[in-house]
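So this block is coords_30.tsv, TSV, C-alpha atoms:
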```tsv
chain	number	residue	atom	x	y	z
A	750	MET	CA	128.00	105.37	94.19
A	751	SER	CA	125.67	107.74	96.06
A	752	GLU	CA	123.07	104.96	96.59
A	753	GLN	CA	125.78	102.73	98.00
A	754	HIS	CA	126.95	105.62	100.12
A	755	LYS	CA	123.41	106.15	101.41
A	756	ILE	CA	123.03	102.48	102.27
A	757	SER	CA	126.37	102.34	104.00
A	758	THR	CA	125.44	105.45	105.94
A	759	ILE	CA	122.27	103.80	107.22
A	760	ASP	CA	124.26	100.66	108.07
A	761	GLU	CA	126.89	102.72	109.85
A	762	GLU	CA	124.24	104.51	111.86
A	763	LYS	CA	122.51	101.29	112.75
A	764	ASN	CA	125.79	99.81	113.88
A	765	LYS	CA	126.19	102.73	116.26
A	766	VAL	CA	122.76	101.96	117.70
A	767	HIS	CA	123.63	98.26	117.99
A	768	ALA	CA	126.72	99.24	119.92
A	769	LEU	CA	124.44	100.81	122.51
A	770	PHE	CA	121.66	98.21	122.60
A	771	HIS	CA	121.53	94.48	122.08
A	772	GLN	CA	119.80	93.29	118.94
A	773	GLN	CA	117.49	91.27	121.15
A	774	SER	CA	116.34	94.28	123.10
A	775	ILE	CA	115.69	96.17	119.89
A	776	ALA	CA	113.71	93.18	118.59
A	777	GLU	CA	111.70	93.07	121.80
A	778	PHE	CA	110.99	96.75	121.49
A	779	GLU	CA	109.71	96.25	117.96
A	780	LYS	CA	107.64	93.28	119.06
A	781	GLN	CA	105.98	95.46	121.67
A	782	VAL	CA	105.26	98.08	119.03
A	783	ASN	CA	103.91	95.54	116.57
A	784	THR	CA	101.54	93.94	119.08
A	785	VAL	CA	98.06	95.08	118.11
A	786	PRO	CA	94.56	93.74	118.86
A	787	ALA	CA	93.34	91.03	116.51
A	788	ASN	CA	91.73	92.31	113.28
A	789	TYR	CA	92.60	95.86	114.23
A	790	PHE	CA	93.77	96.86	110.78
A	791	ASP	CA	90.92	95.00	109.06
A	792	GLN	CA	88.38	97.10	110.93
A	793	PHE	CA	90.31	100.34	111.08
A	794	SER	CA	89.50	101.61	107.59
A	795	GLU	CA	85.81	100.75	108.02
A	796	ASN	CA	85.69	102.55	111.35
A	797	ILE	CA	87.25	105.65	109.86
A	798	VAL	CA	84.71	105.74	107.03
A	799	ILE	CA	81.84	105.27	109.50
A	800	THR	CA	83.17	108.20	111.53
A	801	ILE	CA	83.37	110.32	108.39
A	802	GLN	CA	79.80	109.41	107.41
A	803	GLU	CA	78.55	110.26	110.88
A	804	GLN	CA	80.26	113.62	110.72
A	805	LYS	CA	78.54	114.36	107.40
A	806	LYS	CA	75.08	114.05	108.95
A	807	PRO	CA	74.07	117.21	110.72
A	808	SER	CA	73.57	116.54	114.37
A	809	LEU	CA	70.14	116.53	115.91
A	810	LEU	CA	70.93	119.88	117.42
A	811	ILE	CA	71.91	121.41	114.09
A	812	ARG	CA	68.94	119.83	112.33
A	813	PHE	CA	66.51	121.37	114.73
A	814	GLY	CA	68.62	124.42	115.20
A	815	LYS	CA	67.35	126.13	112.08
A	816	LEU	CA	63.77	125.29	112.97
A	817	SER	CA	64.20	126.55	116.50
A	818	VAL	CA	65.77	129.78	115.23
A	819	ALA	CA	62.80	130.32	112.90
A	820	ALA	CA	60.39	129.55	115.72
A	821	ALA	CA	62.22	131.94	118.02
A	822	ILE	CA	62.03	134.76	115.48
A	823	LEU	CA	58.33	134.14	114.90
A	824	PHE	CA	57.74	134.11	118.63
A	825	LEU	CA	59.59	137.40	118.99
A	826	VAL	CA	57.58	139.01	116.19
A	827	ILE	CA	54.23	137.84	117.53
A	828	GLY	CA	55.24	138.54	121.07
A	829	SER	CA	56.35	142.08	120.32
A	830	TYR	CA	53.12	142.70	118.41
A	831	PHE	CA	51.11	141.75	121.44
A	832	VAL	CA	53.32	143.73	123.76
A	833	VAL	CA	53.05	146.82	121.57
A	834	SER	CA	49.28	146.38	121.20
A	835	GLN	CA	48.92	146.02	124.93
A	836	TYR	CA	50.99	149.12	125.43
A	837	ASN	CA	48.83	151.15	123.07
A	838	MET	CA	45.64	149.96	124.76
A	839	ASN	CA	47.01	150.78	128.14
A	840	ASP	CA	47.88	154.18	126.83
A	841	VAL	CA	44.19	155.00	126.46
A	842	THR	CA	42.91	156.46	129.68
A	843	THR	CA	39.26	156.07	130.59
A	844	ILE	CA	37.30	158.72	132.34
A	845	ALA	CA	33.82	158.75	133.80
A	846	ILE	CA	31.33	161.20	132.35
A	847	HIS	CA	30.73	162.97	135.64
A	848	GLU	CA	34.42	163.80	135.71
A	849	ILE	CA	34.10	165.80	132.49
A	850	PRO	CA	33.55	169.51	133.21
A	851	THR	CA	30.05	170.82	132.23
A	852	ALA	CA	31.51	173.57	130.11
A	853	GLU	CA	33.35	171.01	128.07
A	854	ILE	CA	30.17	169.02	127.51
A	855	ASP	CA	28.29	172.15	126.44
A	856	LEU	CA	31.00	173.03	124.04
A	857	TYR	CA	31.01	169.55	122.57
A	858	VAL	CA	27.23	169.54	122.11
A	859	SER	CA	27.17	172.98	120.50
A	860	ASN	CA	29.98	172.02	118.17
A	861	ASN	CA	28.28	168.82	117.26
A	862	GLU	CA	24.65	169.95	117.13
A	863	TRP	CA	24.27	168.83	113.56
A	864	MET	CA	24.99	165.34	114.77
A	865	ASN	CA	22.09	165.64	117.12
A	866	GLU	CA	19.80	166.84	114.35
A	867	ALA	CA	20.97	164.08	112.05
A	868	ASP	CA	20.22	161.48	114.68
A	869	MET	CA	16.79	163.02	115.26
A	870	GLU	CA	15.96	162.97	111.55
A	871	MET	CA	16.97	159.35	111.31
A	872	GLU	CA	14.70	158.46	114.17
A	873	ILE	CA	11.77	160.37	112.64
A	874	ASN	CA	12.20	158.64	109.31
A	875	ASN	CA	12.36	155.31	111.00
A	876	ILE	CA	8.94	155.74	112.59
A	877	GLY	CA	7.40	157.20	109.38
A	878	LEU	CA	6.45	160.55	110.73
A	879	ASN	CA	5.99	163.33	108.15
A	880	LEU	CA	6.50	166.71	109.63
A	881	ASP	CA	6.75	168.62	106.36
A	882	ILE	CA	4.58	171.83	106.47
A	883	ASP	CA	1.94	172.00	103.60
A	884	ASN	CA	0.63	175.62	103.11
A	885	SER	CA	-2.33	174.53	100.98
A	886	SER	CA	-3.98	172.66	103.73
A	887	LYS	CA	-4.14	175.61	105.98
A	888	ASP	CA	-7.49	177.45	106.23
A	889	SER	CA	-7.23	180.64	104.32
A	890	ILE	CA	-8.60	183.75	105.81
A	891	HIS	CA	-10.03	184.80	102.53
B	1299	MET	CA	97.87	98.20	91.39
B	1300	GLN	CA	97.01	101.85	90.96
B	1301	SER	CA	99.46	104.39	92.25
B	1302	ASP	CA	98.55	106.69	95.09
B	1303	GLN	CA	98.38	109.59	92.65
B	1304	ILE	CA	95.73	107.93	90.51
B	1305	ILE	CA	93.62	107.14	93.55
B	1306	ILE	CA	93.98	110.68	94.85
B	1307	LYS	CA	93.02	112.16	91.49
B	1308	ALA	CA	89.95	109.95	91.42
B	1309	PHE	CA	89.12	111.10	94.95
B	1310	GLN	CA	89.54	114.73	93.97
B	1311	ALA	CA	87.31	114.18	90.93
B	1312	GLY	CA	84.52	113.58	93.41
B	1313	ALA	CA	83.22	110.15	92.50
B	1314	GLU	CA	83.20	107.34	95.11
B	1315	LYS	CA	85.36	109.33	97.49
B	1316	GLU	CA	84.94	106.96	100.39
B	1317	GLN	CA	86.00	103.97	98.31
B	1318	HIS	CA	89.21	105.68	97.16
B	1319	PHE	CA	89.90	106.96	100.62
B	1320	THR	CA	89.49	103.46	102.05
B	1321	GLU	CA	92.03	102.21	99.54
B	1322	LEU	CA	94.56	104.80	100.69
B	1323	VAL	CA	93.93	103.94	104.32
B	1324	LYS	CA	94.47	100.24	103.72
B	1325	ARG	CA	97.74	100.91	101.91
B	1326	HIS	CA	99.30	103.17	104.50
B	1327	GLN	CA	97.59	102.48	107.82
B	1328	GLN	CA	100.11	100.00	109.21
B	1329	LYS	CA	103.25	102.02	108.64
B	1330	LEU	CA	101.61	105.12	110.03
B	1331	TYR	CA	100.24	103.28	113.04
B	1332	TYR	CA	103.61	101.67	113.90
B	1333	GLN	CA	105.45	104.95	113.61
B	1334	ILE	CA	102.96	106.59	115.95
B	1335	LYS	CA	103.06	103.68	118.35
B	1336	ARG	CA	106.84	103.85	118.59
B	1337	MET	CA	106.33	107.37	119.87
B	1338	VAL	CA	103.56	106.73	122.37
B	1339	MET	CA	103.88	102.98	123.03
B	1340	GLU	CA	100.24	102.55	124.06
B	1341	HIS	CA	97.80	101.06	121.54
B	1342	ALA	CA	94.87	103.23	122.70
B	1343	ASP	CA	96.89	106.40	122.25
B	1344	ALA	CA	98.26	105.30	118.91
B	1345	ASP	CA	94.74	104.44	117.76
B	1346	ASP	CA	93.40	107.85	118.82
B	1347	ILE	CA	96.19	109.68	117.03
B	1348	ALA	CA	95.87	107.54	113.91
B	1349	GLN	CA	92.16	108.29	113.71
B	1350	ILE	CA	92.81	112.01	114.04
B	1351	VAL	CA	95.44	111.81	111.32
B	1352	TRP	CA	93.15	110.05	108.87
B	1353	MET	CA	90.32	112.48	109.60
B	1354	ARG	CA	92.71	115.33	108.76
B	1355	VAL	CA	93.68	113.53	105.57
B	1356	TRP	CA	90.02	113.23	104.61
B	1357	GLU	CA	89.49	116.94	105.23
B	1358	LYS	CA	92.59	118.05	103.32
B	1359	LEU	CA	92.93	115.49	100.54
B	1360	GLU	CA	90.77	117.58	98.25
B	1361	GLY	CA	93.44	120.27	98.26
B	1362	PHE	CA	96.50	118.01	98.20
B	1363	LYS	CA	98.62	119.17	95.29
B	1364	MET	CA	100.85	116.09	95.07
B	1365	GLU	CA	103.98	118.18	95.25
B	1366	SER	CA	105.34	115.45	97.53
B	1367	GLU	CA	104.53	111.78	97.82
B	1368	PHE	CA	101.32	110.98	99.62
B	1369	SER	CA	103.20	108.94	102.23
B	1370	THR	CA	105.43	111.91	103.01
B	1371	TRP	CA	102.42	114.16	103.43
B	1372	LEU	CA	100.66	111.53	105.52
B	1373	PHE	CA	103.65	111.08	107.81
B	1374	ARG	CA	103.94	114.83	108.17
B	1375	ILE	CA	100.38	115.01	109.45
B	1376	GLY	CA	101.17	112.02	111.66
B	1377	TYR	CA	104.24	113.76	113.01
B	1378	ASN	CA	102.35	116.97	113.82
B	1379	GLU	CA	99.44	115.20	115.47
B	1380	THR	CA	101.74	112.93	117.49
B	1381	ILE	CA	103.77	115.87	118.76
B	1382	ASN	CA	100.55	117.73	119.63
B	1383	PHE	CA	99.26	114.72	121.49
B	1384	ILE	CA	102.44	114.25	123.50
B	1385	GLN	CA	102.67	117.92	124.39
B	1386	LYS	CA	99.05	117.95	125.55
B	1387	ARG	CA	99.77	114.92	127.68
B	1388	LYS	CA	102.77	116.64	129.20
B	1389	LYS	CA	100.62	119.56	130.13
B	1390	LEU	CA	98.14	117.25	131.79
B	1391	ALA	CA	101.14	115.68	133.57
B	1392	ILE	CA	100.05	112.11	132.99
B	1393	VAL	CA	102.82	109.72	133.94
B	1394	HIS	CA	103.81	107.42	131.11
B	1395	PRO	CA	103.19	103.75	132.01
B	1396	LEU	CA	106.72	102.72	131.03
B	1397	GLU	CA	108.24	105.04	133.59
B	1398	SER	CA	106.22	103.45	136.35
B	1399	SER	CA	106.84	99.90	135.13
B	1400	ASP	CA	110.63	100.30	135.39
B	1401	THR	CA	110.90	98.68	138.85
B	1402	SER	CA	108.67	95.77	137.96
B	1403	HIS	CA	110.83	94.87	134.98
B	1404	GLN	CA	113.97	94.92	137.07
B	1405	GLU	CA	112.47	92.68	139.76
B	1406	ALA	CA	111.00	90.14	137.35
B	1407	SER	CA	113.13	87.13	136.57
B	1408	ASN	CA	114.11	86.66	132.98
B	1409	SER	CA	115.29	83.41	131.43
B	1410	ASN	CA	117.60	85.39	129.16
B	1411	GLY	CA	119.35	86.87	132.19
B	1412	PRO	CA	118.97	90.16	133.96
B	1413	LYS	CA	121.38	91.96	131.66
B	1414	SER	CA	119.12	91.59	128.63
B	1415	SER	CA	116.03	92.80	130.46
B	1416	GLN	CA	117.90	95.77	131.89
B	1417	ILE	CA	119.02	96.74	128.43
B	1418	GLN	CA	115.42	96.29	127.28
B	1419	ILE	CA	114.27	98.69	129.95
B	1420	LYS	CA	117.03	101.05	129.04
B	1421	LEU	CA	115.98	101.10	125.41
B	1422	ASP	CA	112.39	102.02	126.25
B	1423	GLN	CA	113.43	104.50	128.92
B	1424	VAL	CA	116.07	106.08	126.81
B	1425	ILE	CA	113.89	106.45	123.75
B	1426	MET	CA	111.01	107.94	125.74
B	1427	GLN	CA	113.34	110.47	127.35
B	1428	LEU	CA	114.45	111.87	124.04
B	1429	PRO	CA	112.86	115.13	122.91
B	1430	GLU	CA	109.91	114.36	120.64
B	1431	LYS	CA	111.47	115.56	117.41
B	1432	GLN	CA	114.72	113.66	117.95
B	1433	ARG	CA	112.71	110.59	118.91
B	1434	PHE	CA	110.60	110.81	115.76
B	1435	VAL	CA	113.63	111.32	113.52
B	1436	PHE	CA	115.45	108.44	115.19
B	1437	MET	CA	112.47	106.12	114.65
B	1438	LEU	CA	112.06	107.11	111.01
B	1439	ARG	CA	115.75	106.65	110.31
B	1440	TYR	CA	116.42	103.49	112.28
B	1441	PHE	CA	113.18	101.53	111.97
B	1442	GLU	CA	111.78	102.84	108.67
B	1443	GLU	CA	115.21	103.42	107.08
B	1444	LEU	CA	113.96	106.56	105.40
B	1445	PRO	CA	116.44	108.84	103.63
B	1446	TYR	CA	117.18	112.16	105.32
B	1447	GLU	CA	115.56	114.03	102.43
B	1448	LYS	CA	112.22	112.42	103.20
B	1449	ILE	CA	112.68	112.79	106.96
B	1450	ALA	CA	113.37	116.49	106.41
B	1451	GLN	CA	110.11	116.85	104.44
B	1452	ILE	CA	108.15	115.03	107.09
B	1453	THR	CA	109.52	117.01	110.01
B	1454	GLU	CA	109.62	120.25	107.98
B	1455	THR	CA	113.27	120.80	108.57
B	1456	SER	CA	116.42	120.81	106.46
B	1457	VAL	CA	118.36	117.67	105.54
B	1458	GLY	CA	121.19	118.89	107.75
B	1459	GLY	CA	118.71	119.49	110.55
B	1460	ALA	CA	117.32	115.98	110.22
B	1461	LYS	CA	120.85	114.50	110.34
B	1462	ALA	CA	121.66	116.60	113.36
B	1463	ASN	CA	118.51	115.39	115.10
B	1464	PHE	CA	119.44	111.75	114.55
B	1465	HIS	CA	123.02	112.13	115.73
B	1466	GLN	CA	121.99	114.16	118.74
B	1467	ALA	CA	119.47	111.46	119.63
B	1468	LEU	CA	122.25	108.89	119.40
B	1469	LYS	CA	124.56	111.00	121.53
B	1470	LYS	CA	121.89	111.54	124.21
B	1471	MET	CA	121.13	107.84	124.36
B	1472	GLN	CA	124.79	107.08	124.82
B	1473	GLU	CA	125.06	109.62	127.64
B	1474	MET	CA	121.99	108.24	129.38
B	1475	ILE	CA	123.28	104.68	129.25
B	1476	GLN	CA	126.72	105.64	130.41
B	1477	SER	CA	125.38	107.71	133.30
B	1478	ASP	CA	123.85	104.56	134.89
```
Since I need it in another form, could you write the structure as structure tokens?
Amino acid sequence: MSEQHKISTIDEEKNKVHALFHQQSIAEFEKQVNTVPANYFDQFSENIVITIQEQKKPSLLIRFGKLSVAAAILFLVIGSYFVVSQYNMNDVTTIAIHEIPTAEIDLYVSNNEWMNEADMEMEINNIGLNLDIDNSSKDSIH
Amino acid sequence: MQSDQIIIKAFQAGAEKEQHFTELVKRHQQKLYYQIKRMVMEHADADDIAQIVWMRVWEKLEGFKMESEFSTWLFRIGYNETINFIQKRKKLAIVHPLESSDTSHQEASNSNGPKSSQIQIKLDQVIMQLPEKQRFVFMLRYFEELPYEKIAQITETSVGGAKANFHQALKKMQEMIQSD
């Protein structure tokens, strides 16, 4: 009974529509709707799958994106190393020797006299000079 | 022929997804397309919307729980995307071709007589002037002969709401015709 009721309800509703519009005009409307390009539905499913497959592939931008990010980081690291190095070098100030006060030089030399002696000894050894004092060779007064 | 549920389960299992998806498309593409085209009338627009709908289906089919029929779920996505499309168009204020072709239809001679062509124009005009939801419900009920329970699921409304939408659509069409 309820199925029959449902069907009759649809029929009743359609009859109300038919009272407003001619069957012919409704048919023409449907014809307009149903007019599609030839082979449209045959190709539609293939086209959708192709679109899906294309979306699966990462785009050229994304493919190289990771590489470019890595390259950018490397560039930043190397670049900052050079910048920092340059900064440190620039931090060192150079000064001419005549600009150094004499007192400061004297102080440096006196504090580092052993360095002078060490350098001297190295030079002496290099040229084979023996300056050791030998008491036995001296003429005795006796 | 395998039921939609079997195909969907096979899809969700992960093997040959594209093949199973293609099968679903082939089964349901025409009905979906025609329903969309009744709403927008232009093939290019209907094609665009249909493609969007099927892309959404591809994205979401993995999580489809089969609590409703696949066709119901599909039409629901179709309904949402069609409404979105129409509302975007409204915002862009693009004039619908049918509205501008009104005069040309009236001037053209028709072997069936002017009365028939005027009614034809009226049908298009009247349907396109309905609010989108009423239009969609009217189409589903009149042309697809879907029960109100299914229409309610598709449009995410109650059965009573779906019935009200249809009868209001009918009432509006009557008023529009009588006003001319």
Can you list every residue of chain A that has an atom at most 10 Å from chain B, with its nearest atom pair and the distance in Å to one decimal, using all atoms listed in the file, ordered by chain then number, as a tab-separated table?
```
residue	atom	partner	partner_atom	distance
A:Lys755	CA	B:Pro1445	CA	7.8
A:Ile756	CA	B:Glu1443	CA	9.2
A:Thr758	CA	B:Pro1445	CA	9.9
A:Ile759	CA	B:Glu1443	CA	7.1
A:Asp760	CA	B:Tyr1440	CA	9.3
A:Glu762	CA	B:Tyr1440	CA	7.9
A:Lys763	CA	B:Tyr1440	CA	6.5
A:Lys765	CA	B:Leu1468	CA	8.0
A:Val766	CA	B:Leu1468	CA	7.2
A:Ala768	CA	B:Gln1472	CA	9.4
A:Leu769	CA	B:Gln1472	CA	6.7
A:Phe770	CA	B:Ile1417	CA	6.6
A:His771	CA	B:Ile1417	CA	7.2
A:Gln772	CA	B:Ser1414	CA	9.9
A:Gln773	CA	B:Ser1414	CA	7.7
A:Ser774	CA	B:Gln1418	CA	4.7
A:Ile775	CA	B:Gln1418	CA	7.4
A:Ala776	CA	B:Gln1418	CA	9.4
A:Glu777	CA	B:Gln1418	CA	7.4
A:Phe778	CA	B:Asp1422	CA	7.2
A:Glu779	CA	B:Arg1336	CA	8.1
A:Gln781	CA	B:Met1339	CA	7.9
A:Val782	CA	B:Arg1336	CA	6.0
A:Asn783	CA	B:Tyr1332	CA	6.7
A:Thr784	CA	B:His1341	CA	8.4
A:Val785	CA	B:His1341	CA	6.9
A:Pro786	CA	B:His1341	CA	8.4
A:Tyr789	CA	B:Asp1345	CA	9.5
A:Phe790	CA	B:Gln1328	CA	7.2
A:Asp791	CA	B:Lys1324	CA	8.3
A:Gln792	CA	B:Lys1324	CA	9.9
A:Phe793	CA	B:Gln1327	CA	8.3
A:Ser794	CA	B:Thr1320	CA	5.8
A:Glu795	CA	B:Thr1320	CA	7.5
A:Asn796	CA	B:Gln1349	CA	9.0
A:Ile797	CA	B:Gln1349	CA	6.8
A:Val798	CA	B:Glu1316	CA	6.8
A:Ile799	CA	B:Glu1316	CA	9.8
A:Thr800	CA	B:Met1353	CA	8.6
A:Ile801	CA	B:Met1353	CA	7.4
A:Gln802	CA	B:Glu1316	CA	9.0
```
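Between atom CA of Lys1448 of chain B and atom CA of Trp1371 of chain B there is a distance of 10.0 Å.
One distance worth recording is that between atom CA of Ala1313 of chain B and atom CA of Glu1360 of chain B, which is 12.1 Å.
Relative to atom CA of His1318 of chain B, atom CA of Met1299 of chain B is found at 12.8 Å.
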